[in-house]
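Engineer: My structure is in upload.txt, and what it holds is compact mmCIF, C-alpha atoms:
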# COMPACT_ATOMS: atom_id res chain seq x y z
CA MET A 131 119.65 97.17 107.27
CA GLY A 132 116.12 96.51 108.41
CA TYR A 133 114.70 94.97 105.27
CA HIS A 134 114.69 91.28 106.23
CA LEU A 135 113.57 92.05 109.78
CA LYS A 136 110.63 94.04 108.39
CA GLN A 137 109.75 91.36 105.84
CA PHE A 138 109.80 88.72 108.58
CA CYS A 139 107.45 90.81 110.73
CA ILE A 140 105.07 91.60 107.90
CA SER A 141 104.89 87.94 106.88
CA LEU A 142 103.08 87.38 110.19
CA GLY A 143 100.22 89.50 108.88
CA LYS A 144 99.17 86.43 106.87
CA ALA A 145 97.76 83.24 108.37
CA GLU A 146 100.31 81.06 106.50
CA GLY A 147 103.21 83.01 107.98
CA ARG A 148 101.80 82.77 111.49
CA ALA A 149 101.24 79.03 111.18
CA ALA A 150 104.74 78.41 109.84
CA PHE A 151 106.39 80.56 112.56
CA ARG A 152 104.33 78.85 115.26
CA ALA A 153 105.22 75.37 113.97
CA ASP A 154 108.98 75.97 113.71
CA PRO A 155 110.19 79.35 115.02
CA GLU A 156 113.91 78.80 114.38
CA GLY A 157 113.38 77.25 110.95
CA TYR A 158 111.04 80.08 109.96
CA LEU A 159 113.53 82.73 111.12
CA ASP A 160 116.21 81.02 108.98
CA LYS A 161 114.28 82.11 105.90
CA PHE A 162 114.98 85.76 106.69
CA PRO A 163 118.68 86.67 106.57
CA MET A 164 118.58 89.30 109.30
CA SER A 165 121.52 90.15 111.58
CA LYS A 166 122.27 88.09 114.68
CA ASP A 167 121.23 91.01 116.90
CA GLN A 168 117.95 91.43 115.07
CA ARG A 169 117.21 87.72 115.32
CA GLN A 170 117.97 87.74 119.03
CA ALA A 171 115.75 90.79 119.56
CA VAL A 172 112.92 88.93 117.83
CA ILE A 173 113.42 85.90 120.06
CA ASN A 174 113.65 88.09 123.18
CA ARG A 175 110.67 90.20 122.08
CA ASP A 176 112.85 93.22 122.80
CA TRP A 177 110.34 95.72 121.42
CA ASN A 178 112.46 98.86 121.77
CA GLY A 179 115.57 96.97 120.64
CA LEU A 180 113.76 95.94 117.44
CA LEU A 181 113.12 99.62 116.68
CA GLU A 182 116.75 100.52 117.41
CA LEU A 183 117.83 97.75 115.02
CA CYS A 184 115.98 99.27 112.03
CA GLY A 185 112.58 97.76 112.73
CA ASN A 186 109.47 99.87 112.25
CA ILE A 187 106.46 100.01 114.51
CA TYR A 188 103.96 99.12 111.77
CA TYR A 189 106.01 95.96 111.21
CA THR A 190 106.96 95.02 114.77
CA SER A 191 103.30 95.40 115.73
CA LYS A 192 102.59 92.33 113.56
CA LEU A 193 104.97 90.30 115.75
CA ALA A 194 103.19 91.70 118.80
CA ALA A 195 99.82 90.74 117.30
CA PHE A 196 101.21 87.24 116.78
CA ASP A 197 101.74 87.16 120.56
CA GLY A 198 98.24 88.50 121.17
CA ILE A 199 99.49 91.97 122.13
CA ASN A 200 97.55 94.92 120.68
CA PHE A 201 98.97 98.37 119.87
CA GLN A 202 98.01 99.89 123.18
CA ASP A 203 99.44 97.05 125.25
CA LEU A 204 102.58 97.14 123.11
CA ALA A 205 102.92 100.81 124.03
CA GLY A 206 102.56 99.76 127.67
CA LEU A 207 105.58 97.49 127.17
CA MET A 208 107.72 99.95 125.18
CA THR A 209 107.20 102.75 127.67
CA GLY A 210 107.86 100.42 130.60
CA MET A 211 104.64 101.69 132.19
CA GLY A 212 102.63 98.51 131.86
CA ARG A 213 99.21 98.15 130.38
CA ASP A 214 97.00 99.68 133.04
CA ALA A 215 99.11 102.75 133.77
CA TYR A 216 99.52 103.43 130.05
CA ARG A 217 95.81 103.07 129.38
CA LYS A 218 95.02 105.37 132.28
CA MET A 219 97.47 107.98 130.96
CA MET A 220 95.72 107.93 127.56
CA VAL A 221 92.25 108.24 129.06
CA ASN A 222 93.52 111.24 131.03
CA GLY A 223 94.71 113.02 127.89
CA GLY A 224 97.93 111.25 126.99
CA ARG A 225 101.59 112.05 127.61
CA SER A 226 102.13 115.78 127.98
CA ILE A 227 104.32 117.53 125.45
CA ASP A 228 105.93 119.51 128.28
CA GLY A 229 109.21 117.89 129.18
CA ASN A 230 108.94 115.54 126.20
CA ARG A 231 110.12 117.64 123.27
CA TYR A 232 113.83 116.88 123.57
CA LYS A 233 115.78 113.90 124.87
CA SER A 234 117.82 116.34 126.97
CA GLU A 235 114.67 116.98 128.99
CA TRP A 236 114.75 113.38 130.18
CA LYS A 237 116.78 112.64 133.31
CA ASP A 238 117.67 109.11 132.25
CA ALA A 239 118.35 109.89 128.57
CA MET B 1119 83.25 120.31 84.27
CA ALA B 1120 84.20 118.41 87.41
CA ARG B 1121 84.80 120.57 90.49
CA ILE B 1122 86.26 120.10 93.94
CA THR B 1123 83.77 121.72 96.27
CA ALA B 1124 85.02 120.83 99.74
CA GLY B 1125 87.72 119.14 101.76
CA VAL B 1126 87.51 116.86 104.77
CA GLY B 1127 90.36 116.25 107.22
CA CYS B 1128 89.91 113.18 109.38
CA SER B 1129 91.92 110.86 111.62
CA HIS B 1130 91.81 107.22 110.58
CA VAL B 1131 92.37 105.55 113.95
CA PRO B 1132 91.80 101.78 113.56
CA ALA B 1133 89.99 101.63 116.93
CA ILE B 1134 87.29 103.93 115.52
CA GLY B 1135 86.64 101.34 112.78
CA VAL B 1136 86.56 98.55 115.35
CA ALA B 1137 84.05 100.51 117.46
CA ILE B 1138 81.75 100.96 114.44
CA ASP B 1139 82.13 97.33 113.34
CA GLN B 1140 81.40 96.04 116.86
CA GLY B 1141 78.51 98.44 117.49
CA ILE B 1142 80.03 100.04 120.60
CA THR B 1143 79.99 103.66 119.41
CA ASP B 1144 77.57 104.59 122.16
CA ASP B 1145 79.58 103.34 125.12
CA ASP B 1146 81.13 105.83 127.55
CA TYR B 1147 84.54 105.69 125.92
CA TYR B 1148 83.41 106.20 122.33
CA ARG B 1149 80.31 108.39 122.72
CA PRO B 1150 82.29 111.68 122.73
CA VAL B 1151 84.37 110.47 119.77
CA PHE B 1152 81.29 109.87 117.63
CA ALA B 1153 79.17 112.79 118.88
CA GLY B 1154 81.44 115.11 116.91
CA PHE B 1155 80.78 113.23 113.69
CA GLU B 1156 76.98 113.56 113.74
CA LYS B 1157 77.09 116.93 112.02
CA SER B 1158 79.61 115.53 109.51
CA ARG B 1159 77.21 112.79 108.44
CA GLU B 1160 74.45 115.37 107.90
CA TRP B 1161 76.85 117.56 105.98
CA ILE B 1162 78.03 114.84 103.60
CA LYS B 1163 74.44 113.80 102.95
CA GLN B 1164 73.73 117.37 101.84
CA ALA B 1165 77.01 117.74 99.96
CA ASN B 1166 76.24 114.47 98.16
CA PRO B 1167 79.56 114.08 96.32
CA ASP B 1168 79.78 112.02 93.13
CA VAL B 1169 83.40 111.19 93.81
CA ILE B 1170 85.71 111.33 96.82
CA ILE B 1171 89.44 111.60 96.25
CA LEU B 1172 90.68 109.96 99.42
CA VAL B 1173 94.25 110.67 100.49
CA TYR B 1174 95.45 108.17 103.07
CA ASN B 1175 98.37 106.00 103.97
CA ASP B 1176 98.68 102.30 103.68
CA HIS B 1177 99.97 100.59 106.86
CA CYS B 1178 102.20 97.92 105.26
CA THR B 1179 99.09 96.23 103.87
CA ALA B 1180 99.21 96.80 100.11
CA PHE B 1181 102.88 97.79 100.30
CA ASP B 1182 105.45 96.08 102.50
CA SER B 1183 109.04 97.30 102.48
CA SER B 1184 109.76 95.66 99.11
CA VAL B 1185 108.03 98.51 97.25
CA ILE B 1186 107.56 101.97 98.75
CA PRO B 1187 105.85 104.44 96.41
CA THR B 1188 105.66 108.01 97.71
CA PHE B 1189 102.37 108.68 95.93
CA ALA B 1190 100.23 105.80 94.58
CA LEU B 1191 97.00 106.43 92.67
CA GLY B 1192 94.30 103.76 92.66
CA CYS B 1193 93.21 103.11 89.07
CA ALA B 1194 91.54 99.69 89.49
CA ALA B 1195 87.78 99.27 89.04
CA GLU B 1196 87.40 98.39 92.70
CA PHE B 1197 89.39 97.92 95.89
CA GLN B 1198 88.70 95.14 98.39
CA PRO B 1199 89.00 95.84 102.13
CA ALA B 1200 92.22 94.13 103.28
CA ASP B 1201 92.82 91.57 105.98
CA GLU B 1202 95.18 93.37 108.38
CA GLY B 1203 95.60 90.37 110.61
CA TRP B 1204 92.11 90.20 112.12
CA GLY B 1205 90.10 89.46 108.97
CA PRO B 1206 88.87 92.14 106.55
CA ARG B 1207 86.62 94.88 108.00
CA PRO B 1208 82.94 94.15 107.26
CA VAL B 1209 82.61 97.18 104.97
CA PRO B 1210 81.54 97.50 101.33
CA VAL B 1211 83.92 97.15 98.41
CA VAL B 1212 85.30 100.52 97.35
CA LYS B 1213 84.35 101.40 93.76
CA ASN B 1214 86.40 103.74 91.63
CA HIS B 1215 85.55 106.34 89.02
CA GLN B 1216 88.04 104.71 86.69
CA ILE B 1217 87.86 107.26 83.90
CA LEU B 1218 88.51 110.18 86.24
CA ALA B 1219 91.29 108.17 87.91
CA SER B 1220 92.96 107.60 84.52
CA HIS B 1221 92.56 111.26 83.72
CA LEU B 1222 94.19 112.14 87.05
CA ALA B 1223 97.09 109.81 86.26
CA GLN B 1224 97.68 111.44 82.90
CA SER B 1225 97.28 114.99 84.12
CA LEU B 1226 99.45 114.53 87.24
CA ILE B 1227 102.31 112.84 85.42
CA LEU B 1228 102.35 115.43 82.64
CA ASP B 1229 102.25 118.02 85.41
CA GLU B 1230 105.52 116.45 86.67
CA PHE B 1231 104.15 114.48 89.64
CA ASP B 1232 105.60 111.03 88.98
CA ILE B 1233 102.95 109.00 90.74
CA THR B 1234 102.72 105.22 90.88
CA ILE B 1235 99.65 103.70 89.21
CA MET B 1236 97.90 100.89 91.07
CA ASN B 1237 95.77 98.59 88.93
CA GLU B 1238 95.40 96.15 91.80
CA MET B 1239 95.30 97.21 95.42
CA GLU B 1240 93.62 96.24 98.65
CA VAL B 1241 92.75 99.09 100.99
CA ASP B 1242 93.25 99.09 104.75
CA HIS B 1243 91.77 101.04 107.68
CA GLY B 1244 93.56 104.20 106.51
CA LEU B 1245 90.99 104.44 103.72
CA THR B 1246 87.96 102.64 105.12
CA VAL B 1247 87.78 104.26 108.58
CA PRO B 1248 87.18 107.80 107.22
CA LEU B 1249 84.42 106.39 104.97
CA SER B 1250 82.81 104.65 107.96
CA VAL B 1251 83.09 107.84 110.01
CA MET B 1252 81.30 109.89 107.34
CA PHE B 1253 78.78 107.34 106.06
CA GLY B 1254 78.18 104.86 108.89
CA GLN B 1255 77.39 101.31 107.79
CA PRO B 1256 75.67 101.40 104.39
CA GLU B 1257 75.34 98.28 102.23
CA ALA B 1258 77.27 100.04 99.49
CA TRP B 1259 79.34 103.24 99.74
CA PRO B 1260 77.11 106.03 98.37
CA THR B 1261 79.93 107.55 96.34
CA LEU B 1262 82.79 106.52 94.09
CA VAL B 1263 86.25 106.75 95.67
CA ILE B 1264 89.65 107.41 94.10
CA PRO B 1265 92.37 106.34 96.56
CA ILE B 1266 95.69 108.15 96.74
CA ALA B 1267 98.12 106.36 99.07
CA VAL B 1268 101.01 108.41 100.48
CA ASN B 1269 104.07 106.92 102.13
CA VAL B 1270 104.32 108.24 105.68
CA VAL B 1271 105.42 104.92 107.20
CA MET B 1272 109.04 104.79 106.03
CA TYR B 1273 111.34 107.80 106.06
CA PRO B 1274 111.31 110.13 104.34
CA PRO B 1275 107.68 110.97 103.71
CA PRO B 1276 107.04 113.74 101.16
CA THR B 1277 107.30 117.31 102.44
CA GLY B 1278 104.21 119.29 103.35
CA ASN B 1279 105.02 121.66 100.49
CA ARG B 1280 105.18 118.82 97.97
CA CYS B 1281 101.84 117.56 99.26
CA TYR B 1282 100.29 121.03 99.04
CA ASN B 1283 101.44 121.37 95.44
CA LEU B 1284 100.14 117.90 94.60
CA GLY B 1285 96.77 119.13 95.86
CA LYS B 1286 96.98 122.04 93.42
CA ALA B 1287 97.80 119.63 90.57
CA ILE B 1288 94.86 117.39 91.55
CA ARG B 1289 92.55 120.39 91.39
CA LYS B 1290 93.86 121.31 87.94
CA ALA B 1291 93.31 117.72 86.78
CA VAL B 1292 89.76 117.58 88.14
CA GLU B 1293 88.85 120.92 86.56
CA SER B 1294 90.04 119.73 83.17
CA PHE B 1295 87.68 116.73 83.26
CA ASP B 1296 84.57 117.20 81.13
CA GLU B 1297 81.98 115.26 83.12
CA ASP B 1298 79.92 117.35 85.50
CA LEU B 1299 81.02 115.93 88.84
CA ASN B 1300 80.92 117.13 92.44
CA VAL B 1301 84.22 116.02 93.95
CA VAL B 1302 85.17 116.16 97.65
CA ILE B 1303 88.76 115.53 98.72
CA PHE B 1304 89.74 113.88 102.01
CA GLY B 1305 93.08 114.24 103.79
CA THR B 1306 93.38 111.66 106.54
CA GLY B 1307 95.65 110.62 109.41
CA GLY B 1308 96.81 112.32 112.58
CA MET B 1309 96.43 114.10 114.78
CA SER B 1310 99.17 114.06 117.41
CA HIS B 1311 100.18 110.55 118.32
CA GLN B 1312 103.23 108.44 118.91
CA LEU B 1313 102.81 104.68 118.82
CA GLN B 1314 106.39 103.68 119.48
CA TYR B 1315 109.32 103.64 121.87
CA LYS B 1316 109.60 105.27 125.28
CA ARG B 1317 107.67 108.42 124.35
CA ALA B 1318 104.59 106.51 123.13
CA GLY B 1319 101.30 108.14 124.09
CA LEU B 1320 102.33 111.71 123.31
CA ILE B 1321 99.39 114.05 122.69
CA ASN B 1322 99.59 117.79 122.01
CA PRO B 1323 96.12 119.38 121.82
CA GLU B 1324 97.37 122.98 121.58
CA TRP B 1325 99.54 122.17 118.61
CA ASP B 1326 96.78 120.13 116.95
CA ASN B 1327 94.26 122.94 117.25
CA ALA B 1328 96.77 125.49 115.98
CA PHE B 1329 97.27 123.21 112.96
CA LEU B 1330 93.50 123.12 112.38
CA ASP B 1331 93.34 126.94 112.69
CA ARG B 1332 96.13 127.47 110.19
CA LEU B 1333 94.52 125.19 107.60
CA THR B 1334 92.11 128.07 107.06
CA SER B 1335 94.20 131.10 107.99
CA ASP B 1336 97.68 130.22 106.71
CA PRO B 1337 97.74 127.09 104.54
CA VAL B 1338 100.82 128.11 102.56
CA GLY B 1339 102.87 128.84 105.67
CA LEU B 1340 101.61 125.68 107.35
CA ALA B 1341 102.78 123.55 104.42
CA GLN B 1342 106.33 124.79 105.00
CA MET B 1343 106.54 123.07 108.38
CA PRO B 1344 109.57 120.72 108.45
CA HIS B 1345 109.15 117.05 109.36
CA VAL B 1346 111.10 117.49 112.58
CA GLU B 1347 108.43 119.80 113.97
CA TYR B 1348 105.75 117.15 113.45
CA LEU B 1349 107.98 114.61 115.19
CA ARG B 1350 108.80 116.87 118.11
CA GLU B 1351 105.40 118.46 118.66
CA ALA B 1352 102.93 115.85 117.38
CA GLY B 1353 104.82 112.58 117.94
CA SER B 1354 106.48 110.24 115.48
CA GLU B 1355 103.21 109.24 113.83
CA GLY B 1356 101.93 112.83 113.78
CA VAL B 1357 103.87 113.24 110.54
CA GLU B 1358 100.85 111.63 108.84
CA MET B 1359 99.39 115.10 108.84
CA VAL B 1360 101.44 116.05 105.77
CA MET B 1361 98.58 114.32 103.93
CA TRP B 1362 96.15 117.04 105.02
CA HIS B 1363 98.11 119.52 102.88
CA ILE B 1364 97.10 117.60 99.74
CA MET B 1365 93.47 118.14 100.65
CA ARG B 1366 94.11 121.80 101.48
CA GLY B 1367 96.10 122.46 98.31
CA ALA B 1368 93.18 121.22 96.21
CA LEU B 1369 90.83 123.86 97.68
CA ASP B 1370 90.50 127.61 97.12
CA ASP B 1371 93.01 129.91 98.83
CA HIS B 1372 90.16 131.14 101.00
CA VAL B 1373 87.81 128.58 102.49
CA THR B 1374 85.12 128.44 105.15
CA GLU B 1375 85.49 126.10 108.10
CA VAL B 1376 82.04 124.57 108.49
CA HIS B 1377 82.81 121.99 111.15
CA ARG B 1378 85.55 120.93 113.54
CA HIS B 1379 85.79 118.08 116.02
CA TYR B 1380 88.67 117.33 118.34
CA HIS B 1381 88.78 114.68 121.02
CA VAL B 1382 91.40 112.87 123.12
CA PRO B 1383 91.78 109.92 123.12
CA ALA B 1384 90.80 107.17 120.74
CA SER B 1385 93.17 104.39 121.68
CA ASN B 1386 96.63 106.05 121.41
CA THR B 1387 95.60 109.01 119.33
CA ALA B 1388 94.11 112.49 119.31
CA VAL B 1389 91.12 112.47 116.96
CA GLY B 1390 90.91 115.50 114.70
CA HIS B 1391 88.37 116.34 112.04
CA ILE B 1392 87.59 119.40 109.95
CA ILE B 1393 85.31 120.25 107.02
CA LEU B 1394 86.33 123.10 104.73
CA GLU B 1395 84.17 124.46 101.91
CA ASN B 1396 85.23 126.46 98.91
CA LEU B 1397 83.60 129.87 98.79
CA THR B 1398 83.13 129.86 95.03
What's the C-alpha cells form of this structure?
Structural biologist:
Amino acid sequence: MGYHLKQFCISLGKAEGRAAFRADPEGYLDKFPMSKDQRQAVINRDWNGLLELCGNIYYTSKLAAFDGINFQDLAGLMTGMGRDAYRKMMVNGGRSIDGNRYKSEWKDA
Amino acid sequence: MARITAGVGCSHVPAIGVAIDQGITDDDYYRPVFAGFEKSREWIKQANPDVIILVYNDHCTAFDSSVIPTFALGCAAEFQPADEGWGPRPVPVVKNHQILASHLAQSLILDEFDITIMNEMEVDHGLTVPLSVMFGQPEAWPTLVIPIAVNVVMYPPPTGNRCYNLGKAIRKAVESFDEDLNVVIFGTGGMSHQLQYKRAGLINPEWDNAFLDRLTSDPVGLAQMPHVEYLREAGSEGVEMVMWHIMRGALDDHVTEVHRHYHVPASNTAVGHIILENLT
C-alpha cells in the first residue's frame, strides 16, 4: 500500500532525486505509481494524511527536508502547535504522558 | 578467548551528532546533555575495548522499503558514514573485525538466528552518534566495530524477547572465538520519543527510568514487554528500545550499573544512557 509513496520520499534523500523533483514535480511523481490520494497528499504536503495513507515518518521527513523543514518543525506542523509552541513544549520536558495514553482521553478524537 | 565485559545503552539522537560536529556542545541547550557523558568517556578509555558490537537501527539509509532485514550483521571490512541528506557526518570510517564478524555470522545462523549478512553497507547516525558520544572527535575510531542493524522502522520490529535471546547467542558466539579480545556491546536508540502525528513530542521520564532500573533488576521480565506498551508509554519511536535487550542479553544475569545519565530534551527526544559491567 505504501511502498511507492515511501520509495518516492526516500528518493529525495539523494541529490539527483531532489533535482529531478524540483525540475518537474508532476513528471517526477509519475515515476512512482502511488494512489491518487497519496499523490494528492504529497502535493498538498498533508503531513498527517501521508502517515494515514501508509507513509512512514522516516520517509515523509525526507519530503519535509526537501522543503527545508527539519524534524522538529515538522512535528510543529503535525501537532498543529506551530514551531515555537512545539519547541517550547520540548524544552519544558515534552508532552506529558498523562492524558495521552489512549485516544479516548482526547476530547476531539 | 574473546569475552564481553560490559554493555552500554545509549540514545542515538541525530541532534547530538550535529551538536558535536558543529562544536556547540557547550551551549546552554546542550551542556546538560553532554555533562552526563563525561564519565562515560573516562570509563571507555579505561575499559579500552578491542571490539564494539554496536546494535543500532538504520533510518532508511542503507535499507529503504525495498529490503527490510530484521537483523543485519555488518561483515564488510569497513563502513562509510552515509549521506542522510545533509552530507556525510565528518566522522572516521568505521573499521570491522572481519574475522570475528564472520564467526558471529556462522555461530548465529547455526544457532538458528537467520540474520542477513551485509558485505556492503553505509552507516547512518544510528551507529555513528553513539561512537561520537563515547569517543568525541578522534581522527580514527580507537576500536573496531561490528554493526548489527535491527529493523525498528517498519512494523513489526522483533520482540524484546527475541532480542534478548539474540544477545545470549551473540555472547555464546563471542566466547567461542579463540582470539583474546575485550568486547563491549552497545544497545542504542530511545528513550521515550514520538516523532510523528498529533501526539509528537511525548516524553515519559518515569517510564524511562523504570526501564533503566529493570535492565539491572529484572532483565528477563523487562524483555517480555509487548510492543504496545512501548508505543503507549514511550511513544511510537520508543519501540527502538527493544534493541537494548540485545545488549542486556549478552551480559551476565547479574550486572553492576556503573553509570546512568538521563536528560530531557535533545531535540524531540529523552536522552538515556547506562553502562553495565559484568561481575565476573
Engineer: Using all atoms listed in the file, pick whichever of A:Asp197, A:Leu181, A:Asp167, A:Gly132 has the shortest atom-to-atom distance to Phe151 (chain A).
Structural biologist: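 Using all atoms listed in the file, the shortest distance to Phe151 (chain A) belongs to A:Asp197.
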Engineer: Select, as a PyMOL selection string, those residues of chain A with any atom no more than 9 Å from chain B (distances computed using only C-alpha atoms).
Structural biologist: chain A and resi 133+136-137+140+142-145+177-178+181+186-189+192+195-196+201-202+204-210+216-217+219-227+230-232
Engineer: Which polymer residues have any atom within 6 Å of an atom of region 1357-1367 of chain B, counting only C-alpha atoms, with same-chain residues fewer than 5 positions away left out, as a count of residues only?
Structural biologist: 14
Engineer: Would you list the contacts of region 155-160 of chain A as a ChimeraX atom specification, taking every protein, DNA or RNA residue within 9 Å and counting only C-alpha atoms, but skipping same-chain residues closer than 4 positions in sequence?
Structural biologist: /A:138,147,150-151,164,169,173
Engineer: So the first atom is CA of Asn1237 (chain B) and the second is CA of Val1173 (chain B); what is the distance between them in Å, to one decimal place?
Structural biologist: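 Computing it gives 16.8 Å between the two atoms.
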Engineer: Which value, in Å to one decimal, gives the distance between CA of Pro163 (chain A) and CA of Thr190 (chain A)?
Structural biologist: 16.6 Å
Engineer: Report, in Å to a single decimal, how far apart CA of Phe1181 (chain B) and CA of Cys139 (chain A) are.
Structural biologist: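 Answer for the CA of Cys139 (chain A) to CA of Phe1181 (chain B) separation: 13.4 Å.
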